[in-house]
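This is structure31.cif (mmCIF, C-alpha atoms).
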```cif
data_work
#
loop_
_atom_site.group_PDB
_atom_site.id
_atom_site.type_symbol
_atom_site.label_atom_id
_atom_site.label_comp_id
_atom_site.auth_asym_id
_atom_site.auth_seq_id
_atom_site.Cartn_x
_atom_site.Cartn_y
_atom_site.Cartn_z
ATOM 1 C CA MET A 1169 15.596 -11.976 -73.587
ATOM 2 C CA LYS A 1170 13.569 -8.751 -73.582
ATOM 3 C CA LYS A 1171 10.385 -10.712 -72.836
ATOM 4 C CA ILE A 1172 12.002 -12.425 -69.845
ATOM 5 C CA LEU A 1173 13.278 -9.103 -68.511
ATOM 6 C CA LEU A 1174 9.845 -7.505 -68.976
ATOM 7 C CA LEU A 1175 8.191 -10.455 -67.231
ATOM 8 C CA ALA A 1176 10.624 -10.157 -64.301
ATOM 9 C CA VAL A 1177 9.911 -6.401 -63.957
ATOM 10 C CA VAL A 1178 6.141 -7.008 -63.999
ATOM 11 C CA ALA A 1179 6.475 -9.780 -61.390
ATOM 12 C CA ILE A 1180 8.535 -7.535 -59.087
ATOM 13 C CA MET A 1181 6.011 -4.708 -59.467
ATOM 14 C CA ALA A 1182 3.136 -7.072 -58.635
ATOM 15 C CA ILE A 1183 4.921 -8.371 -55.534
ATOM 16 C CA SER A 1184 5.794 -4.822 -54.443
ATOM 17 C CA ALA A 1185 2.207 -3.662 -54.909
ATOM 18 C CA SER A 1186 0.931 -6.455 -52.664
ATOM 19 C CA ALA A 1187 3.731 -6.170 -50.097
ATOM 20 C CA GLN A 1188 1.433 -4.235 -47.766
ATOM 21 C CA ASN A 1189 -0.527 -7.448 -47.181
ATOM 22 C CA TRP A 1190 2.427 -9.493 -45.866
ATOM 23 C CA TYR A 1191 3.475 -9.812 -42.247
ATOM 24 C CA LEU A 1192 6.565 -11.307 -40.671
ATOM 25 C CA GLY A 1193 7.283 -12.067 -37.050
ATOM 26 C CA GLY A 1194 7.038 -14.901 -34.620
ATOM 27 C CA SER A 1195 7.326 -15.795 -30.996
ATOM 28 C CA ILE A 1196 9.783 -17.121 -28.474
ATOM 29 C CA GLY A 1197 9.069 -18.882 -25.240
ATOM 30 C CA PHE A 1198 10.668 -20.364 -22.163
ATOM 31 C CA ASN A 1199 9.077 -22.760 -19.720
ATOM 32 C CA HIS A 1200 10.459 -24.085 -16.431
ATOM 33 C CA VAL A 1201 8.478 -26.752 -14.595
ATOM 34 C CA LYS A 1202 9.110 -28.377 -11.220
ATOM 35 C CA VAL A 1203 7.130 -31.513 -10.354
ATOM 36 C CA ASP A 1204 8.055 -32.961 -6.959
ATOM 37 C CA ASP A 1205 11.879 -32.939 -7.043
ATOM 38 C CA GLU A 1206 12.167 -33.079 -10.829
ATOM 39 C CA LYS A 1207 12.872 -29.887 -12.772
ATOM 40 C CA THR A 1208 12.718 -29.400 -16.517
ATOM 41 C CA SER A 1209 13.094 -26.422 -18.829
ATOM 42 C CA ASN A 1210 12.304 -25.886 -22.477
ATOM 43 C CA PHE A 1211 12.868 -23.128 -25.002
ATOM 44 C CA THR A 1212 10.823 -22.454 -28.153
ATOM 45 C CA ILE A 1213 11.413 -20.216 -31.152
ATOM 46 C CA ALA A 1214 8.765 -19.921 -33.874
ATOM 47 C CA PRO A 1215 9.357 -17.541 -36.805
ATOM 48 C CA GLU A 1216 6.194 -16.855 -38.806
ATOM 49 C CA VAL A 1217 5.143 -15.366 -42.137
ATOM 50 C CA GLY A 1218 1.639 -14.605 -43.353
ATOM 51 C CA TYR A 1219 -0.469 -12.870 -45.946
ATOM 52 C CA ASN A 1220 -3.659 -10.875 -45.308
ATOM 53 C CA LEU A 1221 -6.229 -11.906 -47.897
ATOM 54 C CA ASN A 1222 -8.674 -9.219 -46.715
ATOM 55 C CA SER A 1223 -9.585 -7.469 -43.453
ATOM 56 C CA ASN A 1224 -10.880 -10.692 -41.845
ATOM 57 C CA TRP A 1225 -8.888 -13.543 -43.382
ATOM 58 C CA ALA A 1226 -5.171 -14.346 -43.479
ATOM 59 C CA ILE A 1227 -3.054 -17.389 -44.247
ATOM 60 C CA GLY A 1228 0.376 -18.132 -42.886
ATOM 61 C CA ALA A 1229 2.830 -20.634 -41.489
ATOM 62 C CA ALA A 1230 5.123 -20.899 -38.496
ATOM 63 C CA LEU A 1231 8.283 -22.970 -38.180
ATOM 64 C CA ASP A 1232 8.423 -24.108 -34.573
ATOM 65 C CA TYR A 1233 11.570 -25.398 -32.861
ATOM 66 C CA THR A 1234 11.440 -26.539 -29.232
ATOM 67 C CA TRP A 1235 14.347 -27.794 -27.149
ATOM 68 C CA GLU A 1236 13.860 -29.420 -23.755
ATOM 69 C CA LYS A 1237 16.921 -29.840 -21.558
ATOM 70 C CA ASP A 1238 18.112 -33.461 -21.308
ATOM 71 C CA SER A 1239 15.026 -34.711 -23.126
ATOM 72 C CA TYR A 1240 14.194 -33.866 -26.761
ATOM 73 C CA ASN A 1241 14.137 -31.518 -29.768
ATOM 74 C CA VAL A 1242 10.933 -30.877 -31.731
ATOM 75 C CA PHE A 1243 10.694 -29.274 -35.174
ATOM 76 C CA THR A 1244 7.270 -28.627 -36.750
ATOM 77 C CA ILE A 1245 5.774 -26.630 -39.581
ATOM 78 C CA GLN A 1246 2.366 -25.187 -38.780
ATOM 79 C CA PRO A 1247 0.347 -23.695 -41.662
ATOM 80 C CA TYR A 1248 -2.895 -21.953 -40.694
ATOM 81 C CA ALA A 1249 -5.848 -19.893 -41.808
ATOM 82 C CA ARG A 1250 -6.691 -16.966 -39.508
ATOM 83 C CA TYR A 1251 -10.141 -15.462 -39.075
ATOM 84 C CA SER A 1252 -10.352 -12.104 -37.264
ATOM 85 C CA PHE A 1253 -13.831 -11.948 -35.779
ATOM 86 C CA PHE A 1254 -13.591 -8.715 -33.758
ATOM 87 C CA ARG A 1255 -11.782 -5.390 -34.185
ATOM 88 C CA THR A 1256 -12.076 -2.233 -32.167
ATOM 89 C CA GLU A 1257 -13.214 0.830 -34.065
ATOM 90 C CA ASN A 1258 -9.710 2.340 -34.087
ATOM 91 C CA ASN A 1259 -8.192 -1.079 -35.011
ATOM 92 C CA LEU A 1260 -6.048 -1.061 -31.854
ATOM 93 C CA LEU A 1261 -7.162 -4.523 -30.751
ATOM 94 C CA SER A 1262 -8.353 -7.531 -32.722
ATOM 95 C CA LEU A 1263 -9.443 -11.009 -31.694
ATOM 96 C CA PHE A 1264 -8.830 -13.954 -33.995
ATOM 97 C CA VAL A 1265 -8.722 -17.724 -34.217
ATOM 98 C CA ASP A 1266 -6.129 -19.723 -36.151
ATOM 99 C CA GLY A 1267 -7.267 -23.006 -37.645
ATOM 100 C CA GLY A 1268 -4.514 -25.267 -38.829
ATOM 101 C CA PHE A 1269 -2.335 -28.265 -38.345
ATOM 102 C CA GLY A 1270 1.218 -29.028 -37.353
ATOM 103 C CA LEU A 1271 3.443 -31.703 -38.782
ATOM 104 C CA GLY A 1272 6.968 -32.449 -37.705
ATOM 105 C CA PHE A 1273 9.285 -34.721 -35.841
ATOM 106 C CA ILE A 1274 10.531 -35.139 -32.318
ATOM 107 C CA SER A 1275 14.072 -36.283 -31.687
ATOM 108 C CA PRO A 1276 14.564 -37.555 -28.146
ATOM 109 C CA ASP A 1277 18.046 -37.466 -26.626
ATOM 110 C CA GLU A 1278 17.768 -41.255 -26.315
ATOM 111 C CA GLY A 1279 15.893 -43.375 -28.846
ATOM 112 C CA ASP A 1280 14.562 -42.952 -32.342
ATOM 113 C CA SER A 1281 12.964 -39.888 -33.903
ATOM 114 C CA THR A 1282 9.259 -40.044 -34.593
ATOM 115 C CA THR A 1283 6.599 -38.061 -36.413
ATOM 116 C CA VAL A 1284 4.303 -35.770 -34.424
ATOM 117 C CA TRP A 1285 1.201 -33.955 -35.579
ATOM 118 C CA SER A 1286 -1.669 -31.815 -34.374
ATOM 119 C CA ILE A 1287 -4.816 -30.258 -35.773
ATOM 120 C CA GLY A 1288 -6.980 -27.649 -34.110
ATOM 121 C CA LEU A 1289 -7.845 -24.074 -33.246
ATOM 122 C CA LYS A 1290 -5.750 -21.461 -31.435
ATOM 123 C CA PRO A 1291 -7.572 -18.336 -30.230
ATOM 124 C CA GLY A 1292 -5.547 -15.166 -30.001
ATOM 125 C CA LEU A 1293 -5.433 -11.400 -29.842
ATOM 126 C CA ALA A 1294 -3.369 -8.741 -31.560
ATOM 127 C CA LEU A 1295 -2.502 -5.345 -30.133
ATOM 128 C CA ASN A 1296 -1.678 -3.076 -33.074
ATOM 129 C CA VAL A 1297 0.790 -0.603 -31.556
ATOM 130 C CA THR A 1298 1.383 1.159 -34.871
ATOM 131 C CA GLU A 1299 0.241 0.573 -38.431
ATOM 132 C CA LYS A 1300 3.349 -1.566 -38.992
ATOM 133 C CA PHE A 1301 3.987 -3.235 -35.599
ATOM 134 C CA SER A 1302 1.742 -5.598 -33.592
ATOM 135 C CA PHE A 1303 2.083 -7.639 -30.424
ATOM 136 C CA VAL A 1304 0.301 -10.987 -30.630
ATOM 137 C CA ALA A 1305 -0.737 -13.579 -28.041
ATOM 138 C CA HIS A 1306 -2.174 -17.046 -28.531
ATOM 139 C CA VAL A 1307 -4.164 -18.404 -25.599
ATOM 140 C CA GLY A 1308 -4.896 -22.114 -25.514
ATOM 141 C CA PHE A 1309 -5.457 -24.863 -28.037
ATOM 142 C CA PHE A 1310 -8.581 -26.827 -28.953
ATOM 143 C CA GLY A 1311 -7.923 -29.886 -31.033
ATOM 144 C CA TYR A 1312 -5.968 -33.110 -31.249
ATOM 145 C CA GLU A 1313 -2.252 -33.679 -30.662
ATOM 146 C CA ASP A 1314 -0.386 -36.952 -31.258
ATOM 147 C CA TYR A 1315 2.950 -37.226 -29.471
ATOM 148 C CA LYS A 1316 2.430 -40.659 -27.868
ATOM 149 C CA GLU A 1317 5.189 -42.524 -29.686
ATOM 150 C CA ALA A 1318 7.667 -39.960 -28.403
ATOM 151 C CA GLY A 1319 6.712 -40.536 -24.758
ATOM 152 C CA LYS A 1320 4.683 -37.354 -24.663
ATOM 153 C CA HIS A 1321 0.939 -36.799 -24.513
ATOM 154 C CA THR A 1322 -1.790 -37.614 -26.972
ATOM 155 C CA GLY A 1323 -5.137 -36.035 -26.616
ATOM 156 C CA LEU A 1324 -8.264 -34.432 -27.864
ATOM 157 C CA GLY A 1325 -9.561 -31.491 -25.938
ATOM 158 C CA LEU A 1326 -9.140 -27.958 -24.726
ATOM 159 C CA ASP A 1327 -5.784 -26.887 -23.272
ATOM 160 C CA PHE A 1328 -5.478 -23.436 -21.680
ATOM 161 C CA ASN A 1329 -1.886 -24.105 -20.562
ATOM 162 C CA LYS A 1330 -0.572 -23.089 -23.960
ATOM 163 C CA LEU A 1331 0.263 -19.394 -23.967
ATOM 164 C CA SER A 1332 2.627 -17.684 -26.390
ATOM 165 C CA PHE A 1333 3.605 -14.081 -27.036
ATOM 166 C CA GLY A 1334 5.072 -12.684 -30.214
ATOM 167 C CA PHE A 1335 5.179 -9.761 -32.598
ATOM 168 C CA TYR A 1336 4.485 -9.002 -36.255
ATOM 169 C CA TYR A 1337 5.872 -6.481 -38.650
ATOM 170 C CA ASN A 1338 3.321 -5.591 -41.325
ATOM 171 C CA PHE A 1339 4.695 -4.626 -44.736
#
```
Same coordinates, now as structure tokens:
Amino acid sequence: MKKILLLAVVAIMAISASAQNWYLGGSIGFNHVKVDDEKTSNFTIAPEVGYNLNSNWAIGAALDYTWEKDSYNVFTIQPYARYSFFRTENNLLSLFVDGGFGLGFISPDEGDSTTVWSIGLKPGLALNVTEKFSFVAHVGFFGYEDYKEAGKHTGLGLDFNKLSFGFYYNF
């Protein structure tokens, strides 16, 4: 019993010592599109957790939920590796690229659910307001997305229409 208690204390101390490398946050989004006389809206929420391996590399994952009015629900998990390739001298601004994949399912309001996936790169920037708080933006996507069975797009290429804003709290 004493060994288990000692092991638990050591594990908690190790986690606490490395807590400064963790970040927690995410993004939310809303999109309203009008094409001819047809209007559609969707809402996305994507909580995220990550771990800074060093000053340039981090790993993390986002859970992404998107709802489109009168159309579908999408749930994906998106693990990634982040490489920060530029930082200002005062560390106020950093540029990065996330490389990863997404795997999930889309549930249309009518019809059967189907698997969706993507793999690619997402460039982004982080504005470090304080040592603990950062605003983050992802701009675009370069890669492959497969949503064809769900009546959505499938494609390989560069998409600058994808823009998301979020925040991180650094422990």
Discussion item. Taking only C-alpha atoms into account, name the residue in A:Val1242, A:Ala1249, A:Ala1294, A:Val1304 that is nearest to Ser1281 of chain A.
Written reply: A:Val1242
When the PyMOL selection byres ((chain A and resi 1200) around 9) is applied to the file above, which residues end up in the set, as a short mmCIF file (atom, residue, chain, number, x, y, z; two decimals) with C-alpha atoms, keeping the file's coordinate frame?
```
data_model
loop_
_atom_site.label_atom_id
_atom_site.label_comp_id
_atom_site.auth_asym_id
_atom_site.auth_seq_id
_atom_site.Cartn_x
_atom_site.Cartn_y
_atom_site.Cartn_z
CA PHE A 1198 10.67 -20.36 -22.16
CA ASN A 1199 9.08 -22.76 -19.72
CA VAL A 1201 8.48 -26.75 -14.60
CA LYS A 1202 9.11 -28.38 -11.22
CA LYS A 1207 12.87 -29.89 -12.77
CA THR A 1208 12.72 -29.40 -16.52
CA SER A 1209 13.09 -26.42 -18.83
CA ASN A 1210 12.30 -25.89 -22.48
CA PHE A 1211 12.87 -23.13 -25.00
#
```
Return as a compact mmCIF listing (two decimals) with C-alpha atoms, in the frame of the given file the set of residues that the PyMOL selection byres ((chain A and resi 1295) around 9) yields on the displayed structure.
```
# COMPACT_ATOMS: atom_id res chain seq x y z
CA ASN A 1259 -8.19 -1.08 -35.01
CA LEU A 1260 -6.05 -1.06 -31.85
CA LEU A 1261 -7.16 -4.52 -30.75
CA SER A 1262 -8.35 -7.53 -32.72
CA LEU A 1293 -5.43 -11.40 -29.84
CA ALA A 1294 -3.37 -8.74 -31.56
CA ASN A 1296 -1.68 -3.08 -33.07
CA VAL A 1297 0.79 -0.60 -31.56
CA THR A 1298 1.38 1.16 -34.87
CA PHE A 1301 3.99 -3.24 -35.60
CA SER A 1302 1.74 -5.60 -33.59
CA PHE A 1303 2.08 -7.64 -30.42
CA VAL A 1304 0.30 -10.99 -30.63
CA ALA A 1305 -0.74 -13.58 -28.04
```
Practice prompt. Name the residues in contact with Trp1190 of chain A at a cut-off of 7 Å, using all atoms listed in the file, excluding same-chain residues fewer than 3 positions from it; report them as a list in words.
Written response: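 Counting all atoms listed in the file, the residues come to Ala1187, Gly1218, Tyr1219, Asn1220, Asn1338 and Phe1339 of chain A.
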Residue members of the PyMOL selection byres ((chain A and resi 1251) around 6) in the file shown, as a PDB file with C-alpha atoms, keeping the file's coordinate frame:
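Now in out.pdb:
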```
ATOM      1  CA  ASN A1224     -10.880 -10.692 -41.845  1.00  0.00           C
ATOM      2  CA  TRP A1225      -8.888 -13.543 -43.382  1.00  0.00           C
ATOM      3  CA  ARG A1250      -6.691 -16.966 -39.508  1.00  0.00           C
ATOM      4  CA  SER A1252     -10.352 -12.104 -37.264  1.00  0.00           C
ATOM      5  CA  PHE A1264      -8.830 -13.954 -33.995  1.00  0.00           C
ATOM      6  CA  VAL A1265      -8.722 -17.724 -34.217  1.00  0.00           C
TER       7      VAL A1265
END
```
Worksheet item: Can you tell me how far atom CA of Lys1300 of chain A sits from atom CA of Ser1332 of chain A, in Å to one decimal?
Response: 20.5 Å
Worksheet, complete the sentence: With distances taken over only C-alpha atoms, the candidate from A:Thr1282, A:Gly1292, A:Val1217, A:Gly1268 nearest Asn1241 of chain A is A:Thr1282
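Reported to one decimal place, the separation of atom CA of Phe1310 of chain A from atom CA of Pro1276 of chain A is 25.5 Å.
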Kindly list the centre and edge lengths in Å, rounded to one decimal, for the axis-aligned box that covers all listed atoms of segment 1251-1266 of chain A plus 4 Å on each of its six sides, as JSON.
```
{"center_x": -9.9, "center_y": -8.7, "center_z": -34.9, "size_x": 15.8, "size_y": 30.1, "size_z": 16.3}
```
